[in-house]
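See below for structure.csv, which holds CSV, C-alpha atoms.
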chain,number,residue,atom,x,y,z
A,184,MET,CA,-24.4,9.8,22.2
A,185,THR,CA,-21.7,7.1,22.4
A,186,GLN,CA,-22.8,3.8,20.9
A,187,SER,CA,-22.7,0.6,22.8
A,188,VAL,CA,-20.6,-2.3,21.7
A,189,GLU,CA,-23.8,-4.1,20.7
A,190,GLU,CA,-24.9,-1.2,18.5
A,191,ILE,CA,-21.4,-1.0,16.9
A,192,ILE,CA,-21.4,-4.7,16.1
A,193,LYS,CA,-24.8,-4.5,14.5
A,194,ALA,CA,-23.8,-1.5,12.4
A,195,LYS,CA,-20.2,-2.4,11.4
A,196,PHE,CA,-20.1,-6.2,11.7
A,197,PRO,CA,-23.6,-7.4,10.9
A,198,VAL,CA,-22.3,-10.9,10.0
A,199,LEU,CA,-21.6,-11.4,13.7
A,200,TYR,CA,-25.3,-11.9,14.3
A,201,GLU,CA,-25.4,-14.5,17.1
A,202,PRO,CA,-26.7,-12.8,20.3
A,203,GLU,CA,-24.4,-14.9,22.6
A,204,LEU,CA,-21.4,-13.9,20.5
A,205,VAL,CA,-22.3,-10.2,20.7
A,206,THR,CA,-22.6,-10.6,24.4
A,207,GLU,CA,-19.2,-12.2,24.6
A,208,ILE,CA,-17.6,-9.4,22.5
A,209,GLN,CA,-19.3,-6.8,24.7
A,210,LYS,CA,-18.0,-8.5,27.8
A,211,PHE,CA,-14.4,-9.1,26.7
A,212,GLY,CA,-13.8,-6.5,24.1
A,213,LYS,CA,-12.2,-3.1,24.8
A,214,ILE,CA,-12.7,-0.1,22.6
A,215,VAL,CA,-9.4,1.7,22.0
A,216,ASN,CA,-8.5,4.8,19.9
A,217,PHE,CA,-5.3,5.1,18.0
A,218,ASN,CA,-3.9,8.3,16.5
A,219,ALA,CA,-2.8,8.4,12.9
A,220,GLY,CA,0.9,7.3,12.6
A,221,SER,CA,0.8,5.0,15.7
A,222,ASN,CA,1.6,1.3,15.6
A,223,LEU,CA,-0.8,-1.3,16.9
A,224,ILE,CA,1.3,-4.4,16.2
A,225,GLU,CA,5.1,-4.5,16.0
A,226,ILE,CA,7.2,-7.0,14.2
A,227,GLY,CA,8.7,-9.5,16.6
A,228,ALA,CA,6.2,-8.9,19.4
A,229,TYR,CA,3.7,-11.4,20.7
A,230,ILE,CA,0.1,-10.5,19.8
A,231,LYS,CA,-2.2,-10.5,22.8
A,232,GLN,CA,-5.2,-8.8,21.3
A,233,MET,CA,-6.9,-9.0,18.0
A,234,PRO,CA,-8.5,-5.9,16.3
A,235,LEU,CA,-12.0,-5.4,15.0
A,236,LEU,CA,-11.7,-2.1,13.1
A,237,ILE,CA,-14.7,0.2,13.7
A,238,GLU,CA,-13.4,3.4,12.0
A,239,GLY,CA,-10.3,4.4,10.2
A,240,THR,CA,-7.7,2.6,8.1
A,241,LEU,CA,-4.8,0.4,9.1
A,242,LYS,CA,-1.8,-0.5,7.0
A,243,ILE,CA,-0.4,-4.0,7.3
A,244,SER,CA,3.2,-4.4,6.2
A,245,ARG,CA,6.4,-6.4,6.5
A,246,GLU,CA,10.0,-5.3,6.8
A,247,ASP,CA,13.2,-6.8,5.4
A,248,SER,CA,16.5,-7.1,7.4
A,249,GLU,CA,17.4,-3.5,6.4
A,250,GLY,CA,14.1,-2.0,7.5
A,251,ASN,CA,12.6,-1.5,4.1
A,252,GLU,CA,8.8,-1.8,4.2
A,253,LEU,CA,6.6,-3.8,1.9
A,254,LEU,CA,2.8,-3.1,1.9
A,255,LEU,CA,0.7,-6.2,2.2
A,256,TYR,CA,-2.8,-4.8,2.4
A,257,TYR,CA,-5.0,-2.2,4.1
A,258,LEU,CA,-7.8,-2.8,6.7
A,259,ASN,CA,-10.9,-0.7,6.6
A,260,SER,CA,-14.0,-0.3,8.8
A,261,GLY,CA,-15.8,-3.6,9.5
A,262,GLU,CA,-12.7,-5.8,8.9
A,263,THR,CA,-10.1,-7.7,11.0
A,264,CYS,CA,-6.5,-8.7,10.4
A,265,ALA,CA,-6.3,-12.4,9.5
A,266,MET,CA,-2.5,-12.5,9.8
A,267,SER,CA,-2.6,-11.2,13.4
A,268,LEU,CA,-5.1,-14.0,14.1
A,269,THR,CA,-2.6,-16.6,12.7
A,270,CYS,CA,0.1,-15.2,15.0
A,271,CYS,CA,-2.1,-15.0,18.1
A,272,MET,CA,-3.6,-18.5,17.8
A,273,GLY,CA,-0.2,-20.0,17.1
A,274,ASP,CA,1.3,-18.1,20.0
A,275,VAL,CA,4.2,-17.0,17.8
A,276,LYS,CA,5.9,-13.6,17.4
A,277,SER,CA,4.3,-11.3,14.8
A,278,ASN,CA,5.8,-11.1,11.4
A,279,ILE,CA,3.8,-8.1,10.4
A,280,LYS,CA,3.4,-4.5,11.5
A,281,ALA,CA,0.0,-2.8,11.8
A,282,SER,CA,-0.1,1.0,11.8
A,283,ALA,CA,-2.9,3.6,11.7
A,284,ILE,CA,-2.7,5.8,8.6
A,285,GLU,CA,-5.6,7.8,10.0
A,286,ASP,CA,-7.2,8.1,13.4
A,287,ALA,CA,-8.7,4.7,14.2
A,288,GLU,CA,-11.3,3.3,16.6
A,289,ILE,CA,-10.9,-0.4,17.3
A,290,ILE,CA,-12.4,-3.2,19.4
A,291,MET,CA,-9.5,-5.1,20.9
A,292,LEU,CA,-10.3,-8.7,21.7
A,293,PRO,CA,-8.3,-11.1,23.9
A,294,THR,CA,-6.5,-13.7,21.9
A,295,HIS,CA,-7.4,-16.5,24.3
A,296,LYS,CA,-11.1,-16.3,23.2
A,297,MET,CA,-10.4,-16.7,19.4
A,298,ASP,CA,-10.1,-20.5,19.3
A,299,GLU,CA,-13.1,-20.9,21.7
A,300,TRP,CA,-15.3,-18.7,19.5
A,301,MET,CA,-14.2,-20.5,16.3
A,302,LYS,CA,-15.6,-23.7,17.8
A,303,LYS,CA,-18.7,-22.2,19.4
A,304,PHE,CA,-20.1,-19.6,16.9
A,305,ASP,CA,-20.7,-20.2,13.2
A,306,SER,CA,-20.9,-16.5,12.4
A,307,TRP,CA,-17.4,-15.9,14.0
A,308,LYS,CA,-15.9,-18.9,12.1
A,309,ASN,CA,-17.4,-17.6,8.8
A,310,PHE,CA,-16.2,-14.1,9.5
A,311,ILE,CA,-12.6,-15.3,10.1
A,312,PHE,CA,-12.6,-17.6,7.1
A,313,ARG,CA,-13.9,-14.7,4.9
A,314,ALA,CA,-11.1,-12.5,6.3
A,315,TYR,CA,-8.5,-15.1,5.3
A,316,GLN,CA,-10.0,-15.4,1.8
A,317,ILE,CA,-10.0,-11.6,1.3
A,318,ARG,CA,-6.4,-11.3,2.5
A,319,PHE,CA,-5.3,-14.3,0.4
A,320,ASP,CA,-6.8,-12.8,-2.7
A,321,GLU,CA,-5.2,-9.4,-2.0
A,322,MET,CA,-1.8,-10.9,-1.6
A,323,LEU,CA,-2.2,-12.8,-4.9
A,324,HIS,CA,-3.1,-9.5,-6.4
A,325,THR,CA,0.0,-7.9,-5.0
A,326,ILE,CA,2.2,-10.8,-6.3
A,327,ASP,CA,0.6,-10.5,-9.7
A,328,SER,CA,1.2,-6.7,-9.7
A,329,ILE,CA,4.9,-7.2,-8.8
A,330,ALA,CA,5.4,-10.0,-11.3
A,331,PHE,CA,3.4,-8.8,-14.3
A,332,MET,CA,2.8,-5.1,-14.1
A,333,LYS,CA,5.1,-2.2,-14.9
A,334,MET,CA,5.7,0.3,-12.1
A,335,ASP,CA,3.6,3.0,-13.8
A,336,GLU,CA,0.6,0.6,-13.9
A,337,ARG,CA,1.2,-0.4,-10.3
A,338,LEU,CA,1.3,3.2,-9.2
A,339,GLU,CA,-2.0,4.1,-11.0
A,340,ARG,CA,-3.7,1.0,-9.6
A,341,TYR,CA,-2.4,1.8,-6.1
A,342,LEU,CA,-3.8,5.4,-6.3
A,343,LEU,CA,-7.2,4.2,-7.6
A,344,GLU,CA,-7.5,1.5,-4.9
A,345,ARG,CA,-6.5,4.0,-2.1
A,346,SER,CA,-9.1,6.4,-3.4
A,347,LYS,CA,-11.8,3.7,-3.4
A,348,GLU,CA,-10.8,2.5,0.1
A,349,LEU,CA,-10.8,6.0,1.6
A,350,ASN,CA,-13.8,7.2,-0.5
A,351,ALA,CA,-11.7,10.3,-1.3
A,352,LYS,CA,-10.3,11.9,-4.4
A,353,ILE,CA,-7.6,13.8,-2.6
A,354,LEU,CA,-5.0,11.4,-0.9
A,355,ASN,CA,-2.8,12.7,1.8
A,356,LEU,CA,0.4,10.9,0.7
A,357,THR,CA,4.0,11.9,0.3
A,358,HIS,CA,6.1,10.6,-2.6
A,359,GLN,CA,8.2,8.7,0.0
A,360,GLU,CA,5.1,7.0,1.5
A,361,ILE,CA,4.0,5.8,-1.9
A,362,ALA,CA,7.5,4.6,-2.7
A,363,SER,CA,7.6,2.6,0.5
A,364,ASP,CA,4.3,1.0,-0.2
A,365,LEU,CA,5.4,0.0,-3.7
A,366,ASN,CA,8.9,-0.9,-2.6
A,367,THR,CA,10.7,1.4,-5.0
A,368,SER,CA,12.5,4.7,-4.8
A,369,ARG,CA,11.1,8.2,-4.2
A,370,GLU,CA,12.7,9.4,-7.3
A,371,VAL,CA,10.9,6.8,-9.5
A,372,ILE,CA,7.6,7.7,-7.9
A,373,SER,CA,8.1,11.4,-8.3
A,374,ARG,CA,8.9,10.9,-12.0
A,375,LEU,CA,5.9,8.7,-12.6
A,376,LEU,CA,3.5,11.0,-10.7
A,377,LYS,CA,4.6,13.9,-12.9
A,378,GLN,CA,3.9,11.7,-16.0
A,379,LEU,CA,0.4,11.0,-14.7
A,380,GLU,CA,-0.1,14.7,-14.1
A,381,LYS,CA,0.9,15.5,-17.7
A,382,LEU,CA,-1.6,12.9,-18.9
A,383,GLY,CA,-4.3,14.7,-16.9
A,384,ARG,CA,-5.1,11.8,-14.6
A,385,ILE,CA,-4.0,13.4,-11.3
A,386,LYS,CA,-3.0,16.8,-9.8
A,387,LEU,CA,-0.1,17.1,-7.5
A,388,HIS,CA,-0.2,19.3,-4.4
A,389,ARG,CA,2.2,19.6,-1.5
A,390,TYR,CA,2.0,16.2,0.4
A,391,LYS,CA,-1.2,15.4,-1.6
A,392,VAL,CA,-2.3,13.6,-4.7
A,393,GLU,CA,-5.7,14.5,-6.3
A,394,LEU,CA,-7.3,12.0,-8.7
A,395,ILE,CA,-9.2,13.5,-11.6

Mind turning the file's structure into structure tokens?
Amino acid sequence: MTQSVEEIIKAKFPVLYEPELVTEIQKFGKIVNFNAGSNLIEIGAYIKQMPLLIEGTLKISREDSEGNELLLYYLNSGETCAMSLTCCMGDVKSNIKASAIEDAEIIMLPTHKMDEWMKKFDSWKNFIFRAYQIRFDEMLHTIDSIAFMKMDERLERYLLERSKELNAKILNLTHQEIASDLNTSREVISRLLKQLEKLGRIKLHRYKVELI
């Protein structure tokens, strides 16, 4: 049986506990499904809706002038995208791209309610501030990795974090996808993956990486 928005909020977003807020989300939110590989937010577009991720995983990234992609962070069930909130509340064009890396179910909320809810509901304000803090910490983590870690260390940490996020030992990733996320070449990733396999830390399959 299909869950109501109220039931979904209680299960996936328990911090949003205020009954009036839940009623507002139920009234103005729209549940949308996205297939793996589809984009929710495009760079350069105005953001008119803010996502609350029910199920699935979203990849948040930036692109340079040549179209090269840099991974910022992943969103998982029970989270929202703080950077999209910044764009929608400032009424500026998006500087990020959000794409579904697996089938995703999302509550899309109208951006014109965001500021009102920040002033009206403590649980919403705390939820958003917490989202900012998590994303800020993750971006510091990314900067530290780029500045202080060797690529083989970054690769192994990346695989471990993806495994933890997806709760899976087998990751459906191509060498090119990993290279794009880590902003390096496919050849470098292929070489380092083979080294990790020789060390007995992973097994390589076609389009898959298995953590041991």

Within 12 Å of range 340-358 of chain A, which residues of range 197-274 of chain A come that close, and what is the closest atom pair and distance in Å for each? Count only C-alpha atoms and give it as CSV.
residue,atom,partner,partner_atom,distance
A:Ala219,CA,A:Asn355,CA,11.9
A:Glu238,CA,A:Leu349,CA,11.0
A:Gly239,CA,A:Leu349,CA,8.8
A:Thr240,CA,A:Leu349,CA,8.0
A:Leu241,CA,A:Glu348,CA,11.0
A:Lys242,CA,A:Arg345,CA,11.2
A:Leu254,CA,A:Tyr341,CA,10.7
A:Leu255,CA,A:Tyr341,CA,11.9
A:Tyr256,CA,A:Arg345,CA,10.6
A:Tyr257,CA,A:Glu348,CA,8.5
A:Leu258,CA,A:Glu348,CA,9.0
A:Asn259,CA,A:Glu348,CA,7.2
A:Ser260,CA,A:Glu348,CA,9.7

Worksheet entry | Near-range 299-316 of chain A list (8 Å; all atoms listed in the file; drop same-chain fewer than 6 positions) as a list in words |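 After dropping sequence-adjacent residues, the list is Val198, Leu199, Tyr200, Glu201, Leu204, Glu262, Thr263, Cys264, Ala265 and Met266 of chain A.
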
Discussion item. Need to verify the contact set: range 224-237 of chain A, 10 Å, only C-alpha atoms, exclusion of same-chain residues closer than 2 positions in sequence. Can you return it as JSON, numbers by chain?
Written reply: {"A": [191, 192, 194, 195, 196, 212, 213, 214, 215, 216, 221, 222, 239, 240, 241, 243, 244, 245, 246, 258, 259, 260, 261, 262, 263, 264, 265, 266, 267, 268, 269, 270, 271, 272, 273, 274, 275, 276, 277, 278, 279, 280, 281, 282, 287, 288, 289, 290, 291, 292, 293, 294, 295, 296, 297]}

Discussion item. One number please: CA of Asp364 in chain A to CA of Tyr390 in chain A, in Å, one decimal.
Written reply: 15.4 Å

Practice prompt. Fewer than 6 positions away in the same chain doesn't count, so skip those; otherwise give me all residues within 8 Å of range 368-384 of chain A, counting all atoms listed in the file, as a PyMOL selection string.
Written response: chain A and resi 335+338+358-359+361-362+394-395

The selected residues should be written to file as a short mmCIF file (atom, residue, chain, number, x, y, z; two decimals), keeping the file's coordinate frame (atoms: C-alpha atoms).
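See again-v5.cif below for the written result:
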data_model
loop_
_atom_site.label_atom_id
_atom_site.label_comp_id
_atom_site.auth_asym_id
_atom_site.auth_seq_id
_atom_site.Cartn_x
_atom_site.Cartn_y
_atom_site.Cartn_z
CA ASP A 335 3.60 3.00 -13.80
CA LEU A 338 1.30 3.20 -9.20
CA HIS A 358 6.10 10.60 -2.60
CA GLN A 359 8.20 8.70 0.00
CA ILE A 361 4.00 5.80 -1.90
CA ALA A 362 7.50 4.60 -2.70
CA LEU A 394 -7.30 12.00 -8.70
CA ILE A 395 -9.20 13.50 -11.60
#

Item to complete: Could you please determine the separation between CA of Leu387 in chain A and CA of Glu336 in chain A in Å, to one decimal place?
Response: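 Value for the CA of Leu387 in chain A-CA of Glu336 in chain A distance: 17.7 Å.
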
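Taking CA of Glu203 in chain A and CA of Gln186 in chain A as endpoints, the distance between them is 18.8 Å.
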
Fill in: Best match for closeness to Phe211 in chain A among A:Val188, A:Lys391, A:Ile317, A:Asp247, counting all atoms listed in the file
A:Val188

Response to the item:
Of A:His388, A:Asn251, A:Ser328, A:Asn218, the one nearest to Asp286 in chain A when counting only C-alpha atoms is A:Asn218
